[in-house]
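The next block holds one structure in the form of structure tokens; read it before the comments.
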Amino acid sequence: MKKLAIQLEHVTKEYKGKKAVDDLSLNVESGTVVALLGPNGAGKTTTISMILGLQLPTSGKVKLLGEDPRDIKVRNRIGAMLQDVSVIDNLKVAETINLFRNYYSNPLSLEQLLHISGLETEMNKMAISLSGGQQRRLGFALAVAGDPEIIFLDEPTVGMDITSRQLFWETIRTMAGRGRTVVLTTHYLDEADNVADRIVVINNGKLVADGTPSEIKAGTTGRVISFTAGASVTTETLQAVPGVANVEWSGRRVKLASSDTDRLIVALIEKNIDMCDIEIKSGGLEDAFQALVQNTNELKGAV
Ligand SMILES: Nc1ncnc2c1ncn2[C@@H]1O[C@H](COP(=O)(O)OP(=O)(O)OP(=O)(O)O)[C@@H](O)[C@H]1O
């Protein structure tokens, strides 16, 4: 069996009585790329910051590489790029990278780090003068400067252009190929689909799905009904149909995600919704995600 890089046992984090993370249990094997998905406020950042030892859980246990995350020996073996990347004033890109390399006993070379962050031509620029996307790439170089065993990336590709994103994901796959564990959050589901070995979906602080991208997509959830709606159909008329929460429009074409498309189509017909060119199919990851989130919100509402 592979070694466990991360262990969460019944972890809960409360802020003023409100649970940001609610009884979350999760094991991550070394060498896996895990994408943590969930809508805004689902608890992804809070989960990562507890795994990193930046926040303590209200209850439950967190282990990183088998140890307490706050243990200094563990901290040297991990790298993190959090949402706000800030750069040091008065230092050039190469100087900033070298400063971080000096913290570690076996850092990657400056050349490697400039290459994987795509910052070779910017190496002599002041870090503060970089664009937002370039600063995130610098943040990535700093996160991996020590050649960490586990890399945490909180929405890493925000602000990056398409070329930078591609280089970035290639680097992540290469690192995973070298046995590194990568935990990332993203709102770009196609990226999670392409890069992750495993997808963990969180909603309202709870785990709602866990599997490979194809397992998540193949689940009973994530089926989609789409149709062209007649002029009388509005978001309000659709939301009055049982089982409809989110209505997605594209011109007159409507898309409804549901865990039970059979029941939903019957309900739409019963309500005399004016529809033509009806299609029912398994959705992509985006659809699976929408349906999972919608289902757990409905369950929460029903409690
Ligand atoms: N320091 C804090 N004090 C009080 N509430 C907090 C604090 N940090 C987070 N929360 C709350 O905990 C919940 C989870 O927040 P968290 O930032 O972990 O979500 P997220 O999934 O990372 O969201 P996003 O996708 O928007 O980054 C939210 O309701 C948030 O308002």
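We name chains A, B, ... following the order of the structure tokens; residues begin at 1 in each chain, and ligands are numbered from 1 as shown.
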Residues up to 12 Å from ligand 1, counting only C-alpha atoms and all ligand atoms: could you list those as an MDAnalysis selection string?
-> chainID A and resid 12:22 36:50 54:56 82:84 153:156 158 184:188 200:207
Would you kindly return, as a PyMOL selection string, each protein, DNA or RNA residue with an atom no farther than 12 Å from any atom of Thr237 in chain A, considering only C-alpha atoms and excluding same-chain residues fewer than 6 positions away?
-> chain A and resi 229-231+244-245+247+268+271-274
Range 193-298 of chain A: residues DSSP assigns to strand (DSSP E), reported as a PyMOL selection string | chain A and resi 198-203+206-211+223-229+248-250+253-258+275-282
Using DSSP on the backbone coordinates, identify the residues of range 10-157 of chain A assigned to helix (DSSP H, G or I); present them as an MDAnalysis selection string.
-> chainID A and resid 44:51 72:75 93:101 110:117 120:122 127:129 132:143
Writer output for current selection, C-alpha atoms, as a CSV table (one decimal), in the first residue's frame:
```csv
chain,number,residue,atom,x,y,z
A,44,LYS,CA,-11.9,24.4,0.7
A,45,THR,CA,-9.5,27.1,2.0
A,46,THR,CA,-10.3,26.3,5.6
A,47,THR,CA,-9.6,22.6,5.0
A,48,ILE,CA,-6.2,23.4,3.3
A,49,SER,CA,-5.2,25.8,6.1
A,50,MET,CA,-5.9,23.1,8.7
A,51,ILE,CA,-3.9,20.5,6.7
A,72,ILE,CA,9.0,21.9,11.7
A,73,LYS,CA,10.4,18.7,10.1
A,74,VAL,CA,7.1,18.4,8.2
A,75,ARG,CA,7.0,22.0,7.2
A,93,VAL,CA,12.6,37.8,-9.7
A,94,ALA,CA,15.8,35.7,-9.7
A,95,GLU,CA,16.8,37.2,-6.3
A,96,THR,CA,13.4,36.4,-4.8
A,97,ILE,CA,13.7,32.7,-6.0
A,98,ASN,CA,17.2,32.4,-4.7
A,99,LEU,CA,16.1,33.8,-1.3
A,100,PHE,CA,13.5,31.0,-1.0
A,101,ARG,CA,15.9,28.4,-2.4
A,110,LEU,CA,17.3,28.6,-10.2
A,111,GLU,CA,17.2,27.5,-13.9
A,112,GLN,CA,14.6,24.8,-13.2
A,113,LEU,CA,12.4,27.2,-11.2
A,114,LEU,CA,12.6,29.9,-13.9
A,115,HIS,CA,11.7,27.3,-16.5
A,116,ILE,CA,8.7,25.7,-14.7
A,117,SER,CA,7.3,29.1,-13.9
A,120,GLU,CA,13.1,33.1,-17.8
A,121,THR,CA,12.8,36.4,-19.6
A,122,GLU,CA,11.5,38.2,-16.5
A,127,ALA,CA,9.2,41.2,-8.7
A,128,ILE,CA,6.8,44.0,-7.8
A,129,SER,CA,6.6,45.0,-11.5
A,132,GLY,CA,-0.9,39.5,-11.7
A,133,GLY,CA,-0.6,36.2,-13.7
A,134,GLN,CA,3.3,36.5,-13.6
A,135,GLN,CA,3.2,37.1,-9.8
A,136,ARG,CA,1.2,33.9,-9.4
A,137,ARG,CA,3.7,32.0,-11.5
A,138,LEU,CA,6.4,33.4,-9.2
A,139,GLY,CA,4.4,32.3,-6.3
A,140,PHE,CA,4.4,28.8,-7.8
A,141,ALA,CA,8.2,28.8,-8.2
A,142,LEU,CA,8.5,29.8,-4.5
A,143,ALA,CA,6.1,27.1,-3.4
```
Write out as number ranges by chain each polymer residue whose atoms come within 12 Å of range 210-217 of chain A, counting only C-alpha atoms; drop sequence neighbours fewer than 5 positions from it.
-> A: 24-28, 32-38, 189-202, 222-224, 259, 281-292
What does the file look like for those residues with N, CA and C atoms, as a short mmCIF file (atom, residue, chain, number, x, y, z; two decimals), in the first residue's frame?
```cif
data_model
loop_
_atom_site.label_atom_id
_atom_site.label_comp_id
_atom_site.auth_asym_id
_atom_site.auth_seq_id
_atom_site.Cartn_x
_atom_site.Cartn_y
_atom_site.Cartn_z
N LEU A 24 -15.18 16.14 8.47
CA LEU A 24 -14.55 15.72 7.21
C LEU A 24 -13.48 14.67 7.48
N SER A 25 -13.61 13.51 6.83
CA SER A 25 -12.59 12.47 6.92
C SER A 25 -12.07 12.18 5.52
N LEU A 26 -10.75 12.12 5.40
CA LEU A 26 -10.15 12.01 4.06
C LEU A 26 -8.72 11.50 4.19
N ASN A 27 -8.36 10.51 3.39
CA ASN A 27 -6.97 10.08 3.30
C ASN A 27 -6.47 10.32 1.89
N VAL A 28 -5.26 10.86 1.76
CA VAL A 28 -4.68 11.06 0.43
C VAL A 28 -3.36 10.30 0.35
N THR A 32 -0.45 11.36 -5.50
CA THR A 32 -1.76 11.60 -6.11
C THR A 32 -1.95 13.10 -6.37
N VAL A 33 -2.65 13.43 -7.45
CA VAL A 33 -3.08 14.82 -7.66
C VAL A 33 -4.56 14.88 -7.29
N VAL A 34 -4.85 15.61 -6.23
CA VAL A 34 -6.23 15.69 -5.75
C VAL A 34 -6.77 17.10 -5.99
N ALA A 35 -7.93 17.19 -6.62
CA ALA A 35 -8.58 18.49 -6.77
C ALA A 35 -9.72 18.59 -5.78
N LEU A 36 -9.70 19.66 -5.01
CA LEU A 36 -10.75 19.93 -4.02
C LEU A 36 -11.71 20.92 -4.67
N LEU A 37 -12.93 20.47 -4.91
CA LEU A 37 -13.90 21.34 -5.58
C LEU A 37 -15.05 21.67 -4.64
N GLY A 38 -15.67 22.79 -4.90
CA GLY A 38 -16.83 23.17 -4.09
C GLY A 38 -17.17 24.60 -4.40
N LEU A 189 -13.38 23.60 -13.79
CA LEU A 189 -13.62 22.16 -13.67
C LEU A 189 -12.95 21.36 -14.78
N ASP A 190 -12.82 21.98 -15.98
CA ASP A 190 -12.14 21.25 -17.05
C ASP A 190 -10.69 21.00 -16.68
N GLU A 191 -10.09 21.92 -15.95
CA GLU A 191 -8.70 21.73 -15.53
C GLU A 191 -8.60 20.59 -14.52
N ALA A 192 -9.54 20.56 -13.58
CA ALA A 192 -9.55 19.48 -12.59
C ALA A 192 -9.72 18.15 -13.30
N ASP A 193 -10.59 18.14 -14.28
CA ASP A 193 -10.87 16.92 -15.05
C ASP A 193 -9.59 16.42 -15.73
N ASN A 194 -8.81 17.35 -16.29
CA ASN A 194 -7.62 16.95 -17.04
C ASN A 194 -6.45 16.56 -16.15
N VAL A 195 -6.32 17.21 -15.02
CA VAL A 195 -5.06 17.06 -14.27
C VAL A 195 -5.18 16.13 -13.05
N ALA A 196 -6.39 16.03 -12.48
CA ALA A 196 -6.49 15.33 -11.19
C ALA A 196 -6.66 13.83 -11.35
N ASP A 197 -6.06 13.06 -10.42
CA ASP A 197 -6.32 11.63 -10.33
C ASP A 197 -7.60 11.41 -9.55
N ARG A 198 -7.84 12.37 -8.66
CA ARG A 198 -8.97 12.19 -7.75
C ARG A 198 -9.63 13.54 -7.52
N ILE A 199 -10.96 13.51 -7.44
CA ILE A 199 -11.71 14.74 -7.20
C ILE A 199 -12.51 14.58 -5.92
N VAL A 200 -12.36 15.55 -5.05
CA VAL A 200 -13.11 15.54 -3.79
C VAL A 200 -14.02 16.77 -3.83
N VAL A 201 -15.32 16.55 -3.72
CA VAL A 201 -16.25 17.68 -3.77
C VAL A 201 -16.75 17.96 -2.34
N ILE A 202 -16.66 19.22 -1.95
CA ILE A 202 -17.11 19.65 -0.63
C ILE A 202 -18.25 20.64 -0.82
N GLY A 222 -25.48 14.18 -12.09
CA GLY A 222 -24.81 14.79 -13.22
C GLY A 222 -25.45 14.47 -14.55
N ARG A 223 -26.72 14.08 -14.56
CA ARG A 223 -27.40 13.98 -15.85
C ARG A 223 -28.08 15.33 -16.13
N VAL A 224 -28.25 15.57 -17.41
CA VAL A 224 -28.70 16.90 -17.81
C VAL A 224 -29.87 16.78 -18.79
N SER A 259 -30.17 14.88 -10.42
CA SER A 259 -29.76 13.51 -10.10
C SER A 259 -30.82 12.53 -10.60
N LYS A 281 -28.86 13.58 -21.26
CA LYS A 281 -27.58 12.87 -21.38
C LYS A 281 -26.76 13.02 -20.10
N SER A 282 -25.75 12.15 -20.01
CA SER A 282 -24.82 12.27 -18.89
C SER A 282 -24.03 13.55 -19.08
N GLY A 283 -23.87 14.30 -18.04
CA GLY A 283 -23.18 15.57 -18.17
C GLY A 283 -21.68 15.40 -18.03
N GLY A 284 -20.98 16.48 -18.25
CA GLY A 284 -19.54 16.51 -17.99
C GLY A 284 -19.32 16.76 -16.51
N LEU A 285 -18.08 17.03 -16.16
CA LEU A 285 -17.77 17.25 -14.74
C LEU A 285 -18.53 18.47 -14.21
N GLU A 286 -18.63 19.48 -15.05
CA GLU A 286 -19.35 20.70 -14.66
C GLU A 286 -20.79 20.37 -14.24
N ASP A 287 -21.45 19.53 -15.06
CA ASP A 287 -22.84 19.17 -14.78
C ASP A 287 -22.93 18.30 -13.52
N ALA A 288 -21.98 17.35 -13.40
CA ALA A 288 -21.97 16.47 -12.23
C ALA A 288 -21.82 17.30 -10.97
N PHE A 289 -20.92 18.27 -11.07
CA PHE A 289 -20.65 19.15 -9.93
C PHE A 289 -21.90 19.95 -9.54
N GLN A 290 -22.55 20.54 -10.56
CA GLN A 290 -23.76 21.33 -10.29
C GLN A 290 -24.83 20.47 -9.62
N ALA A 291 -24.98 19.24 -10.12
CA ALA A 291 -26.02 18.36 -9.57
C ALA A 291 -25.69 17.96 -8.14
N LEU A 292 -24.41 17.68 -7.88
CA LEU A 292 -24.00 17.29 -6.52
C LEU A 292 -24.28 18.41 -5.53
#
```
Taking only C-alpha atoms into account, which of A:Lys125, A:Lys3, A:Arg77, A:His10 comes nearest Asn106 in chain A?
-> A:Arg77
Contacts of Gly243 in chain A at 10 Å or less, counting only C-alpha atoms, minus same-chain residues fewer than 4 places along, as a PyMOL selection string?
-> chain A and resi 238-239+256-261+263-265+267-268+294-295+298
